[in-house]
>>> print(open('protein_22.txt').read())   # compact mmCIF, C-alpha atoms
# COMPACT_ATOMS: atom_id res chain seq x y z
CA MET A 1 84.55 131.87 95.69
CA LYS A 2 86.84 132.82 98.58
CA ASN A 3 84.42 131.22 101.04
CA ILE A 4 84.30 128.01 98.97
CA LYS A 5 88.08 127.89 98.80
CA LYS A 6 88.28 128.46 102.55
CA ILE A 7 85.85 125.60 103.25
CA ILE A 8 87.70 123.24 100.91
CA GLY A 9 90.95 124.32 102.53
CA GLN A 10 89.60 123.36 105.95
CA ILE A 11 88.40 119.98 104.63
CA HIS A 12 91.82 119.40 103.05
CA LEU A 13 93.59 120.38 106.27
CA TRP A 14 91.65 118.25 108.73
CA LEU A 15 91.49 115.20 106.48
CA GLY A 16 95.25 115.51 106.07
CA LEU A 17 95.89 115.78 109.80
CA ALA A 18 93.62 112.79 110.49
CA SER A 19 95.08 110.49 107.80
CA GLY A 20 98.68 111.68 107.57
CA LEU A 21 100.38 108.75 109.34
CA ILE A 22 98.44 106.14 107.36
CA VAL A 23 99.13 107.97 104.08
CA PHE A 24 102.83 107.90 104.95
CA VAL A 25 102.84 104.13 105.61
CA VAL A 26 100.74 103.24 102.57
CA SER A 27 102.83 105.48 100.28
CA ILE A 28 106.18 104.11 101.47
CA THR A 29 105.04 100.49 101.17
CA GLY A 30 103.54 101.19 97.75
CA ALA A 31 106.82 102.71 96.59
CA LEU A 32 108.73 99.64 97.78
CA TYR A 33 106.29 97.20 96.18
CA ALA A 34 106.77 98.79 92.75
CA PHE A 35 110.10 96.94 92.60
CA GLN A 36 108.98 93.73 94.28
CA GLU A 37 110.12 91.53 91.39
CA GLU A 38 113.59 93.07 91.26
CA PHE A 39 113.95 92.93 95.04
CA ASP A 40 112.99 89.24 95.18
CA ASP A 41 115.33 88.37 92.31
CA PHE A 42 118.21 90.08 94.09
CA THR A 43 117.59 88.76 97.61
CA LYS A 44 116.17 85.28 96.87
CA SER A 45 117.77 84.19 93.62
CA GLU A 46 118.97 80.85 95.07
CA PHE A 47 115.44 80.14 96.28
CA LEU A 48 113.58 81.24 93.14
CA TYR A 49 115.87 79.76 90.47
CA VAL A 50 117.65 76.47 89.75
CA ASN A 51 120.94 75.59 88.07
CA ASP A 52 120.37 71.91 87.30
CA LEU A 53 118.04 71.74 84.28
CA GLY A 54 118.21 67.94 84.04
CA ASN A 55 117.13 66.82 80.59
CA HIS A 56 115.12 70.05 80.14
CA ALA A 57 111.83 68.13 80.41
CA ARG A 58 109.47 69.49 83.04
CA LEU A 59 107.98 67.02 85.49
CA PRO A 60 104.17 66.87 85.71
CA PRO A 61 102.50 68.35 88.82
CA SER A 62 101.64 64.92 90.25
CA VAL A 63 105.31 63.87 90.30
CA LEU A 64 106.33 67.13 91.97
CA LEU A 65 103.61 66.72 94.61
CA ALA A 66 104.61 63.08 95.22
CA SER A 67 108.21 64.20 95.79
CA PHE A 68 106.97 66.93 98.11
CA LYS A 69 104.84 64.48 100.13
CA LYS A 70 107.84 62.24 100.75
CA ALA A 71 109.75 65.15 102.25
CA TYR A 72 106.78 66.75 104.05
CA PRO A 73 104.24 63.98 104.80
CA LYS A 74 102.30 66.08 107.34
CA GLU A 75 102.01 69.26 105.27
CA LYS A 76 98.85 70.04 103.28
CA VAL A 77 99.36 71.77 99.94
CA SER A 78 97.40 74.90 99.12
CA GLN A 79 98.95 76.00 95.81
CA VAL A 80 101.47 74.97 93.19
CA ARG A 81 103.10 77.91 91.40
CA ILE A 82 104.83 77.18 88.11
CA LYS A 83 106.81 79.74 86.08
CA LYS A 84 108.19 79.06 82.60
CA VAL A 85 109.74 82.52 82.17
CA PRO A 86 112.60 82.61 83.03
CA SER A 87 113.02 78.96 82.07
CA ASN A 88 115.10 78.13 85.16
CA SER A 89 112.42 79.32 87.62
CA ALA A 90 111.74 77.01 90.54
CA VAL A 91 108.32 75.56 91.24
CA LEU A 92 106.89 76.85 94.52
CA ILE A 93 104.72 74.62 96.65
CA ILE A 94 102.66 76.72 99.08
CA THR A 95 101.28 74.90 102.11
CA GLN A 96 98.16 75.77 104.08
CA LYS A 97 100.45 77.02 106.86
CA ARG A 98 101.94 79.59 104.43
CA LYS A 99 105.23 77.74 104.08
CA GLY A 100 106.90 78.01 100.65
CA ILE A 101 108.93 75.08 99.33
CA ALA A 102 111.11 75.60 96.25
CA MET A 103 111.49 72.62 93.92
CA ASN A 104 113.46 71.96 90.77
CA PRO A 105 110.82 71.52 88.00
CA PHE A 106 113.19 69.27 86.00
CA THR A 107 114.49 66.93 88.73
CA GLY A 108 111.93 67.26 91.52
CA LYS A 109 114.60 68.06 94.09
CA ILE A 110 113.75 70.42 96.95
CA HIS A 111 116.31 73.18 97.38
CA GLY A 112 114.73 75.76 99.68
CA GLU A 113 112.10 76.55 102.29
CA LYS A 114 110.68 79.89 103.48
CA ARG A 115 107.80 81.15 105.58
CA MET A 116 105.77 83.24 103.11
CA ASP A 117 104.09 85.27 105.86
CA ARG A 118 107.52 86.36 107.17
CA ASP A 119 108.92 87.35 103.80
CA PHE A 120 109.94 91.03 103.68
CA MET A 121 107.86 91.89 100.61
CA MET A 122 104.88 89.98 101.97
CA ILE A 123 105.06 92.09 105.14
CA VAL A 124 105.29 95.22 102.94
CA VAL A 125 102.16 94.13 101.07
CA GLN A 126 100.25 93.37 104.28
CA LEU A 127 101.20 96.78 105.68
CA HIS A 128 99.98 98.31 102.45
CA ILE A 129 96.59 96.61 102.44
CA ASN A 130 95.74 96.18 106.14
CA LEU A 131 98.50 97.68 108.34
CA LEU A 132 99.04 94.14 109.75
CA LEU A 133 95.69 94.54 111.53
CA GLY A 134 93.59 92.06 109.56
CA GLU A 135 89.99 93.01 108.74
CA VAL A 136 90.12 96.09 110.98
CA GLY A 137 93.15 97.31 109.07
CA GLU A 138 91.43 96.65 105.75
CA GLU A 139 88.56 98.92 106.80
CA ILE A 140 91.01 101.63 107.85
CA ILE A 141 92.84 101.41 104.51
CA LYS A 142 89.55 101.33 102.62
CA TRP A 143 88.30 104.65 103.98
CA ASN A 144 91.75 106.20 104.07
CA THR A 145 92.09 105.53 100.33
CA LEU A 146 88.86 107.43 99.73
CA VAL A 147 90.07 110.25 102.00
CA PHE A 148 93.35 110.50 100.07
CA PHE A 149 91.46 110.59 96.75
CA VAL A 150 89.33 113.48 98.08
CA MET A 151 92.48 115.22 99.29
CA LEU A 152 94.07 114.95 95.84
CA LEU A 153 91.02 116.56 94.23
CA SER A 154 90.72 119.25 96.91
CA GLY A 155 94.47 119.87 96.66
CA PHE A 156 94.12 120.47 92.93
CA TYR A 157 91.31 122.95 93.58
CA LEU A 158 93.42 124.78 96.16
CA TRP A 159 96.44 124.80 93.83
CA PHE A 160 94.48 126.41 90.99
CA PRO A 161 95.53 130.10 90.85
CA SER A 162 92.75 132.61 91.44
CA LYS A 163 94.64 135.32 89.52
CA LYS A 164 96.44 135.20 86.16
CA ASN A 165 99.62 136.74 87.54
CA GLN A 166 99.92 133.81 89.99
CA LEU A 167 99.90 131.20 87.23
CA LYS A 168 103.66 131.24 86.61
CA SER A 169 104.56 130.71 90.27
CA ALA A 170 102.08 127.82 90.50
CA PHE A 171 104.20 125.79 88.05
CA LYS A 172 107.66 126.74 89.27
CA MET A 173 109.70 126.09 92.43
CA LYS A 174 111.54 129.00 94.09
CA TRP A 175 114.70 127.25 95.25
CA ASN A 176 116.35 130.49 96.39
CA ALA A 177 113.45 131.36 98.71
CA THR A 178 113.06 130.82 102.46
CA GLN A 179 112.78 127.34 103.92
CA LYS A 180 109.10 127.98 104.55
CA ARG A 181 108.48 128.90 100.89
CA ILE A 182 110.49 125.92 99.60
CA ASN A 183 108.40 123.60 101.78
CA TYR A 184 105.20 125.22 100.46
CA ASP A 185 106.33 124.80 96.84
CA LEU A 186 107.30 121.17 97.46
CA HIS A 187 103.75 120.52 98.67
CA ASN A 188 101.94 122.75 96.19
CA VAL A 189 103.96 122.92 92.95
CA TRP A 190 105.27 119.36 92.94
CA GLY A 191 101.88 118.24 94.21
CA PHE A 192 100.41 119.43 90.92
CA TYR A 193 102.89 117.42 88.84
CA PHE A 194 102.61 114.20 90.87
CA LEU A 195 98.81 114.55 91.01
CA TRP A 196 98.52 112.98 87.54
CA ILE A 197 100.37 109.87 88.72
CA LEU A 198 98.80 109.66 92.17
CA LEU A 199 95.21 110.00 90.89
CA PRO A 200 95.21 106.79 88.77
CA ILE A 201 97.17 104.93 91.47
CA THR A 202 94.61 105.95 94.10
CA PHE A 203 91.62 105.25 91.86
CA THR A 204 92.89 101.74 91.10
CA GLY A 205 93.19 101.30 94.86
CA LEU A 206 89.55 102.34 95.24
CA PHE A 207 88.66 99.75 92.58
CA TRP A 208 89.86 97.02 94.95
CA VAL A 209 88.43 98.23 98.25
CA PHE A 210 84.99 99.42 97.12
CA GLU A 211 82.92 96.70 95.45
CA SER A 212 80.55 99.34 94.09
CA ILE A 213 83.20 100.65 91.66
CA PRO A 214 83.77 97.44 89.63
CA GLU A 215 80.05 96.70 89.90
CA THR A 216 79.26 100.09 88.35
CA ILE A 217 81.83 99.58 85.59
CA TYR A 218 80.34 96.18 84.73
CA LYS A 219 76.79 97.57 84.77
CA LEU A 220 77.78 100.43 82.46
CA ASN A 221 79.34 97.83 80.16
CA SER A 222 76.20 95.63 80.43
CA VAL A 223 78.34 92.63 81.36
CA PRO A 224 77.71 90.24 84.29
CA MET A 225 80.52 89.74 86.84
CA THR A 226 80.81 86.02 86.12
CA TYR A 227 84.39 85.85 87.38
CA LYS A 228 83.06 86.21 90.94
CA LYS A 229 80.70 83.25 90.63
CA LYS A 230 81.34 80.67 93.37
CA VAL A 231 81.19 77.00 92.41
CA ASN A 232 81.74 73.75 94.32
CA SER A 233 82.56 70.17 93.51
CA VAL A 234 79.70 67.66 93.81
CA TYR A 235 80.73 65.45 96.71
CA ALA A 236 79.94 61.75 96.92
CA PRO A 237 81.57 59.41 99.48
CA ASP A 238 82.70 56.88 96.86
CA ASN A 239 84.05 59.42 94.40
CA GLN A 240 87.72 59.24 93.43
CA LYS A 241 89.59 62.44 92.65
CA VAL A 242 90.35 63.20 89.04
CA SER A 243 93.98 63.13 87.90
CA LEU A 244 95.63 66.54 88.44
CA ASP A 245 97.83 65.96 85.41
CA SER A 246 94.79 65.49 83.14
CA LEU A 247 93.36 68.82 84.32
CA PHE A 248 96.75 70.47 83.85
CA ASP A 249 96.83 69.18 80.27
CA VAL A 250 93.45 70.82 79.63
CA ALA A 251 94.59 74.10 81.18
CA THR A 252 97.83 74.18 79.16
CA SER A 253 96.04 73.38 75.89
CA TYR A 254 94.84 77.01 75.65
CA GLY A 255 98.27 78.30 74.60
CA ALA A 256 101.89 78.85 75.58
CA TYR A 257 101.62 80.06 79.17
CA ILE A 258 104.33 81.87 81.13
CA SER A 259 103.02 80.97 84.59
CA ALA A 260 100.45 78.71 86.19
CA ASN A 261 98.97 78.99 89.68
CA ILE A 262 97.19 75.78 90.67
CA GLN A 263 95.00 76.03 93.74
CA LEU A 264 94.13 72.64 95.20
CA PRO A 265 90.78 71.78 96.86
CA LYS A 266 90.61 72.83 100.53
CA ASP A 267 87.89 70.33 101.47
CA SER A 268 85.49 67.73 100.07
CA VAL A 269 83.54 70.29 98.02
CA GLY A 270 86.56 72.36 97.02
CA THR A 271 87.70 72.75 93.42
CA TYR A 272 90.84 72.79 91.33
CA ARG A 273 91.49 76.33 90.18
CA PHE A 274 94.00 77.05 87.42
CA VAL A 275 95.17 80.62 86.82
CA MET A 276 97.16 80.60 83.57
CA ARG A 277 99.00 83.73 82.42
CA TYR A 278 100.33 84.52 78.95
CA PRO A 279 102.65 87.14 77.45
CA TYR A 280 101.01 90.58 77.19
CA GLN A 281 101.82 94.25 76.82
CA TRP A 282 98.97 96.31 78.24
CA VAL A 283 96.02 94.19 79.37
CA ARG A 284 96.94 91.10 81.36
CA LYS A 285 96.13 87.93 79.45
CA GLN A 286 94.88 85.39 81.93
CA ASN A 287 92.68 82.32 81.79
CA THR A 288 91.01 81.10 84.96
CA LEU A 289 89.60 77.57 84.85
CA VAL A 290 87.76 75.88 87.73
CA PHE A 291 87.24 72.10 87.74
CA ASP A 292 85.23 69.65 89.83
CA GLN A 293 87.78 67.65 91.85
CA TYR A 294 86.00 64.33 91.24
CA LYS A 295 84.61 64.29 87.70
CA GLY A 296 86.98 66.87 86.25
CA THR A 297 84.02 68.84 84.91
CA LEU A 298 84.80 72.43 83.91
CA LEU A 299 82.61 74.38 86.34
CA SER A 300 83.56 77.92 85.27
CA GLN A 301 85.99 79.73 83.04
CA ASP A 302 87.20 83.31 82.59
CA LEU A 303 89.09 83.51 79.29
CA TYR A 304 91.03 86.55 78.11
CA LYS A 305 89.83 86.05 74.53
CA ASN A 306 86.29 86.82 75.75
CA TYR A 307 87.19 89.94 77.74
CA ALA A 308 84.70 92.80 77.51
CA LEU A 309 85.83 96.36 78.22
CA ALA A 310 84.97 95.96 81.92
CA ASP A 311 87.13 92.81 82.09
CA LYS A 312 90.04 94.63 80.46
CA ILE A 313 89.77 97.42 83.02
CA ARG A 314 89.75 94.84 85.83
CA MET A 315 92.73 92.97 84.44
CA SER A 316 94.71 96.19 83.92
CA ASN A 317 94.09 97.43 87.46
CA PHE A 318 97.09 95.82 89.18
CA ASP A 319 99.62 96.76 86.50
CA LEU A 320 98.39 100.35 86.44
CA HIS A 321 98.42 100.56 90.24
CA THR A 322 102.03 99.36 90.49
CA GLY A 323 103.35 101.07 87.34
CA ARG A 324 104.20 97.73 85.70
CA MET A 325 101.98 98.55 82.75
CA PHE A 326 104.64 100.97 81.47
CA GLY A 327 107.67 98.79 82.08
CA PHE A 328 110.70 99.84 84.09
CA GLY A 329 109.96 103.54 83.54
CA GLY A 330 106.46 103.06 84.97
CA LYS A 331 107.93 101.42 88.08
CA ILE A 332 110.30 104.36 88.53
CA LEU A 333 107.33 106.75 88.35
CA ALA A 334 105.37 104.62 90.83
CA LEU A 335 108.38 104.63 93.18
CA LEU A 336 108.79 108.41 92.96
CA ALA A 337 105.04 108.98 93.32
CA GLY A 338 105.00 106.78 96.43
CA LEU A 339 107.90 108.63 98.00
CA PHE A 340 106.32 111.97 97.16
CA GLY A 341 102.98 110.80 98.55
CA ALA A 342 104.78 109.97 101.81
CA SER A 343 106.20 113.51 101.90
CA LEU A 344 102.80 115.21 101.57
CA PRO A 345 101.73 114.72 105.22
CA ILE A 346 105.12 116.06 106.34
CA THR A 347 105.17 119.19 104.16
CA GLY A 348 101.44 119.72 104.79
CA PHE A 349 101.93 119.53 108.54
CA TYR A 350 104.82 122.00 108.34
CA ILE A 351 102.61 124.46 106.38
CA TRP A 352 99.81 124.13 108.97
CA TRP A 353 102.21 124.45 111.89
CA GLY A 354 103.76 127.60 110.41
CA LYS A 355 100.36 129.22 109.94
CA ARG A 356 99.34 128.17 113.44
CA LYS A 357 102.44 129.77 114.98
CA LYS A 358 101.89 132.90 112.91
CA ALA A 359 98.25 133.11 114.07
CA THR A 360 99.31 132.57 117.70
CA LYS A 361 101.90 135.37 117.47
CA LYS A 362 99.28 137.66 115.91
CA VAL A 363 96.82 136.96 118.73
CA MET A 364 99.53 137.53 121.35
CA LYS A 365 100.55 140.78 119.67
CA THR A 366 96.94 141.97 119.52
CA THR A 367 96.40 141.04 123.17
CA THR A 368 99.53 142.97 124.17
CA LEU A 369 98.44 146.05 122.23
CA VAL A 370 94.97 145.93 123.80
CA GLY A 371 96.57 145.65 127.23
CA GLN A 372 98.83 148.64 126.58
CA VAL A 373 95.93 150.78 125.33
CA SER A 374 93.87 149.78 128.36
CA THR A 375 96.72 150.76 130.72
CA MET A 376 97.19 154.12 129.02
CA THR A 377 93.46 154.83 129.22
CA ASN A 378 93.34 154.05 132.90
>>> encode(input="protein_22.txt", output="structure tokens")
Amino acid sequence: MKNIKKIIGQIHLWLGLASGLIVFVVSITGALYAFQEEFDDFTKSEFLYVNDLGNHARLPPSVLLASFKKAYPKEKVSQVRIKKVPSNSAVLIITQKRKGIAMNPFTGKIHGEKRMDRDFMMIVVQLHINLLLGEVGEEIIKWNTLVFFVMLLSGFYLWFPSKKNQLKSAFKMKWNATQKRINYDLHNVWGFYFLWILLPITFTGLFWVFESIPETIYKLNSVPMTYKKKVNSVYAPDNQKVSLDSLFDVATSYGAYISANIQLPKDSVGTYRFVMRYPYQWVRKQNTLVFDQYKGTLLSQDLYKNYALADKIRMSNFDLHTGRMFGFGGKILALLAGLFGASLPITGFYIWWGKRKKATKKVMKTTTLVGQVSTMTN
């Protein structure tokens, strides 16, 4: 057992030393993103909300896009984001160049413009998912997430007391101890408590970066992954595009939505994609409808009323990862867990460095003693 613990300890150590900096960055950015909504509301309230509610009647998407085209004739629209909660939320027009234009949904007036790729929280997210390094960064984060998951499990094994009389100290900090012992307890004792928050956060991260995990969940549930099915519009040179408003009417007929994300066709075979979200408590209620841009035919749909268990796990993943599933208290826990996760490489390094210095002193002391004995013998 001692040999096994020693081997696991070495694995834990070297994985930690190799991934420490990335763990720090990912943990800090994850902690910040837990309060993304609150941060945006505080820093961009004039951009995200409107004061003039007009006659309280919302303009249809086509009217909003026509108003946008007058102001930005050369810009191509990628998405239209509509929020009904809060009721004074602005409509955001996202261009293909990642420019965000805020519009009043009741009057059609434009009142703000921002580069989405330069937004603070967007940079935080990109650091979190790819370190601002594109596909290379995604691969680094992918394997680092797996490494951190292994480290959490190996850390739990190393924490587990080998003797009954050590059990009490494994649960309790010794604040009146030496700095070295306090650092050890911060890493070891508090590591045990935060483990139960960090494990689900890390596993939900693995769900995103390793396709095999959702695939396995869907296979175990005997449900096909139809939400990933790719469909295209049937192009014909003489075809006229279907009315966006008519498709929006179909999408809104499924119930009282709180937000709608409308993705416009990118090219001649592209589709209209409507992501409609509804009030929910635990599992996100979302309908995704994809239409042919010419005939208006419904090409695919992913409706929350038809969710199997695998779909519910998929739709809960983001809220569990960010702590939003448990409201404001869950966000606080996600924030604290992120900050603690960022401290683990620091406290772990300090533990390793202390042991290394101790081992060096021991070797030097042994060498000195051997030298003295050798001199006396001669």
>>> residues_around(input="protein_22.txt", residues="range 108-116 of chain A", least_positions_apart="6", cutoff="6 Å", atoms="only C-alpha atoms", output="mmCIF file with C-alpha atoms, in the frame of the given file")
data_model
loop_
_atom_site.group_PDB
_atom_site.id
_atom_site.type_symbol
_atom_site.label_atom_id
_atom_site.label_comp_id
_atom_site.auth_asym_id
_atom_site.auth_seq_id
_atom_site.Cartn_x
_atom_site.Cartn_y
_atom_site.Cartn_z
ATOM 1 C CA PHE A 47 115.440 80.140 96.280
ATOM 2 C CA LEU A 64 106.330 67.130 91.970
ATOM 3 C CA ARG A 98 101.940 79.590 104.430
ATOM 4 C CA LYS A 99 105.230 77.740 104.080
ATOM 5 C CA GLY A 100 106.900 78.010 100.650
ATOM 6 C CA ILE A 101 108.930 75.080 99.330
ATOM 7 C CA ALA A 102 111.110 75.600 96.250
#
>>> residues_around(input="protein_22.txt", residues="Leu146 in chain A", least_positions_apart="4", cutoff="7 Å", atoms="all atoms listed in the file", output="list in words")
Lys142, Val150 and Leu206 of chain A
>>> write_last_selection(input="protein_22.txt", atoms="C-alpha atoms", output="PDB file, in the coordinates of the input")
ATOM      1  CA  LYS A 142      89.550 101.330 102.620  1.00  0.00           C
ATOM      2  CA  VAL A 150      89.330 113.480  98.080  1.00  0.00           C
ATOM      3  CA  LEU A 206      89.550 102.340  95.240  1.00  0.00           C
TER       4      LEU A 206
END
>>> atom_distance(input="protein_22.txt", atom1="CA of Phe194 in chain A", atom2="CA of His128 in chain A")
19.8 Å
>>> closest_residue(input="protein_22.txt", among="A:Phe340, A:Leu132, A:Gln263, A:His12", to="Val275 in chain A", atoms="all atoms listed in the file")
A:Gln263
>>> closest_residue(input="protein_22.txt", among="A:Tyr272, A:Gly155, A:Phe192, A:Ile129", to="Gln301 in chain A", atoms="all atoms listed in the file")
A:Tyr272
>>> atom_distance(input="protein_22.txt", atom1="CA of Tyr254 in chain A", atom2="CA of Leu298 in chain A")
13.8 Å
>>> axis_aligned_box(input="protein_22.txt", around="range 76-84 of chain A", padding_each_side="5 Å", output="lines of an AutoDock Vina configuration file")
center_x = 102.8
center_y = 74.9
center_z = 92.9
size_x = 20.8
size_y = 19.7
size_z = 30.7
>>> atom_distance(input="protein_22.txt", atom1="CA of Ala31 in chain A", atom2="CA of Ala334 in chain A")
6.2 Å
>>> closest_residue(input="protein_22.txt", among="A:Val283, A:Leu336, A:Ile197, A:Ile258", to="Tyr304 in chain A", atoms="all atoms listed in the file")
A:Val283
>>> closest_residue(input="protein_22.txt", among="A:Phe291, A:Trp353, A:Phe68, A:Trp14", to="Val231 in chain A", atoms="all atoms listed in the file")
A:Phe291
>>> residues_near_point(input="protein_22.txt", point="(104.7, 66.6, 85.6)", cutoff="12 Å", atoms="all atoms listed in the file", output="short mmCIF file (atom, residue, chain, number, x, y, z; two decimals) with C-alpha atoms, in the frame of the given file")
data_model
loop_
_atom_site.label_atom_id
_atom_site.label_comp_id
_atom_site.auth_asym_id
_atom_site.auth_seq_id
_atom_site.Cartn_x
_atom_site.Cartn_y
_atom_site.Cartn_z
CA ALA A 57 111.83 68.13 80.41
CA ARG A 58 109.47 69.49 83.04
CA LEU A 59 107.98 67.02 85.49
CA PRO A 60 104.17 66.87 85.71
CA PRO A 61 102.50 68.35 88.82
CA SER A 62 101.64 64.92 90.25
CA VAL A 63 105.31 63.87 90.30
CA LEU A 64 106.33 67.13 91.97
CA LEU A 65 103.61 66.72 94.61
CA ALA A 66 104.61 63.08 95.22
CA SER A 67 108.21 64.20 95.79
CA VAL A 80 101.47 74.97 93.19
CA ILE A 82 104.83 77.18 88.11
CA VAL A 91 108.32 75.56 91.24
CA ASN A 104 113.46 71.96 90.77
CA PRO A 105 110.82 71.52 88.00
CA PHE A 106 113.19 69.27 86.00
CA THR A 107 114.49 66.93 88.73
CA GLY A 108 111.93 67.26 91.52
CA SER A 243 93.98 63.13 87.90
CA LEU A 244 95.63 66.54 88.44
CA ASP A 245 97.83 65.96 85.41
CA SER A 246 94.79 65.49 83.14
CA LEU A 247 93.36 68.82 84.32
CA PHE A 248 96.75 70.47 83.85
CA ASP A 249 96.83 69.18 80.27
#
>>> closest_residue(input="protein_22.txt", among="A:Phe326, A:Tyr72, A:Tyr294, A:Phe148", to="Phe24 in chain A", atoms="all atoms listed in the file")
A:Phe148
>>> residues_near_point(input="protein_22.txt", point="(92.6, 109.2, 105.8)", cutoff="7 Å", atoms="all atoms listed in the file", output="list in words")
Leu15, Gly16, Ala18, Ser19, Gly20, Ile22, Val23, Trp143, Asn144, Thr145, Val147 and Phe148 of chain A
>>> closest_residue(input="protein_22.txt", among="A:Lys285, A:Asp119, A:Trp196, A:Val234", to="Leu333 in chain A", atoms="only C-alpha atoms")
A:Trp196
>>> build_atoms(input="protein_22.txt", residues="range 311-323 of chain A", atoms="N, CA and C atoms", output="PDB file, keeping the file's coordinate frame")
ATOM      1  N   ASP A 311      86.127  93.814  81.724  1.00  0.00           N
ATOM      2  CA  ASP A 311      87.130  92.810  82.090  1.00  0.00           C
ATOM      3  C   ASP A 311      88.542  93.343  81.850  1.00  0.00           C
ATOM      4  N   LYS A 312      88.720  94.071  80.757  1.00  0.00           N
ATOM      5  CA  LYS A 312      90.040  94.630  80.460  1.00  0.00           C
ATOM      6  C   LYS A 312      90.454  95.665  81.493  1.00  0.00           C
ATOM      7  N   ILE A 313      89.486  96.451  81.957  1.00  0.00           N
ATOM      8  CA  ILE A 313      89.770  97.420  83.020  1.00  0.00           C
ATOM      9  C   ILE A 313      90.178  96.688  84.288  1.00  0.00           C
ATOM     10  N   ARG A 314      89.441  95.636  84.632  1.00  0.00           N
ATOM     11  CA  ARG A 314      89.750  94.840  85.830  1.00  0.00           C
ATOM     12  C   ARG A 314      91.139  94.219  85.734  1.00  0.00           C
ATOM     13  N   MET A 315      91.466  93.662  84.585  1.00  0.00           N
ATOM     14  CA  MET A 315      92.730  92.970  84.440  1.00  0.00           C
ATOM     15  C   MET A 315      93.916  93.917  84.273  1.00  0.00           C
ATOM     16  N   SER A 316      93.640  95.193  84.028  1.00  0.00           N
ATOM     17  CA  SER A 316      94.710  96.190  83.920  1.00  0.00           C
ATOM     18  C   SER A 316      94.972  96.875  85.250  1.00  0.00           C
ATOM     19  N   ASN A 317      94.066  96.664  86.210  1.00  0.00           N
ATOM     20  CA  ASN A 317      94.090  97.430  87.460  1.00  0.00           C
ATOM     21  C   ASN A 317      95.409  97.293  88.217  1.00  0.00           C
ATOM     22  N   PHE A 318      95.874  96.064  88.396  1.00  0.00           N
ATOM     23  CA  PHE A 318      97.090  95.820  89.180  1.00  0.00           C
ATOM     24  C   PHE A 318      98.308  96.441  88.505  1.00  0.00           C
ATOM     25  N   ASP A 319      98.448  96.245  87.211  1.00  0.00           N
ATOM     26  CA  ASP A 319      99.620  96.760  86.500  1.00  0.00           C
ATOM     27  C   ASP A 319      99.638  98.284  86.461  1.00  0.00           C
ATOM     28  N   LEU A 320      98.462  98.898  86.409  1.00  0.00           N
ATOM     29  CA  LEU A 320      98.390 100.350  86.440  1.00  0.00           C
ATOM     30  C   LEU A 320      98.701 100.863  87.846  1.00  0.00           C
ATOM     31  N   HIS A 321      98.209 100.164  88.846  1.00  0.00           N
ATOM     32  CA  HIS A 321      98.420 100.560  90.240  1.00  0.00           C
ATOM     33  C   HIS A 321      99.899 100.531  90.630  1.00  0.00           C
ATOM     34  N   THR A 322     100.625  99.542  90.117  1.00  0.00           N
ATOM     35  CA  THR A 322     102.030  99.360  90.490  1.00  0.00           C
ATOM     36  C   THR A 322     103.003  99.977  89.488  1.00  0.00           C
ATOM     37  N   GLY A 323     102.486 100.490  88.362  1.00  0.00           N
ATOM     38  CA  GLY A 323     103.350 101.070  87.340  1.00  0.00           C
ATOM     39  C   GLY A 323     103.914 100.062  86.369  1.00  0.00           C
TER      40      GLY A 323
END
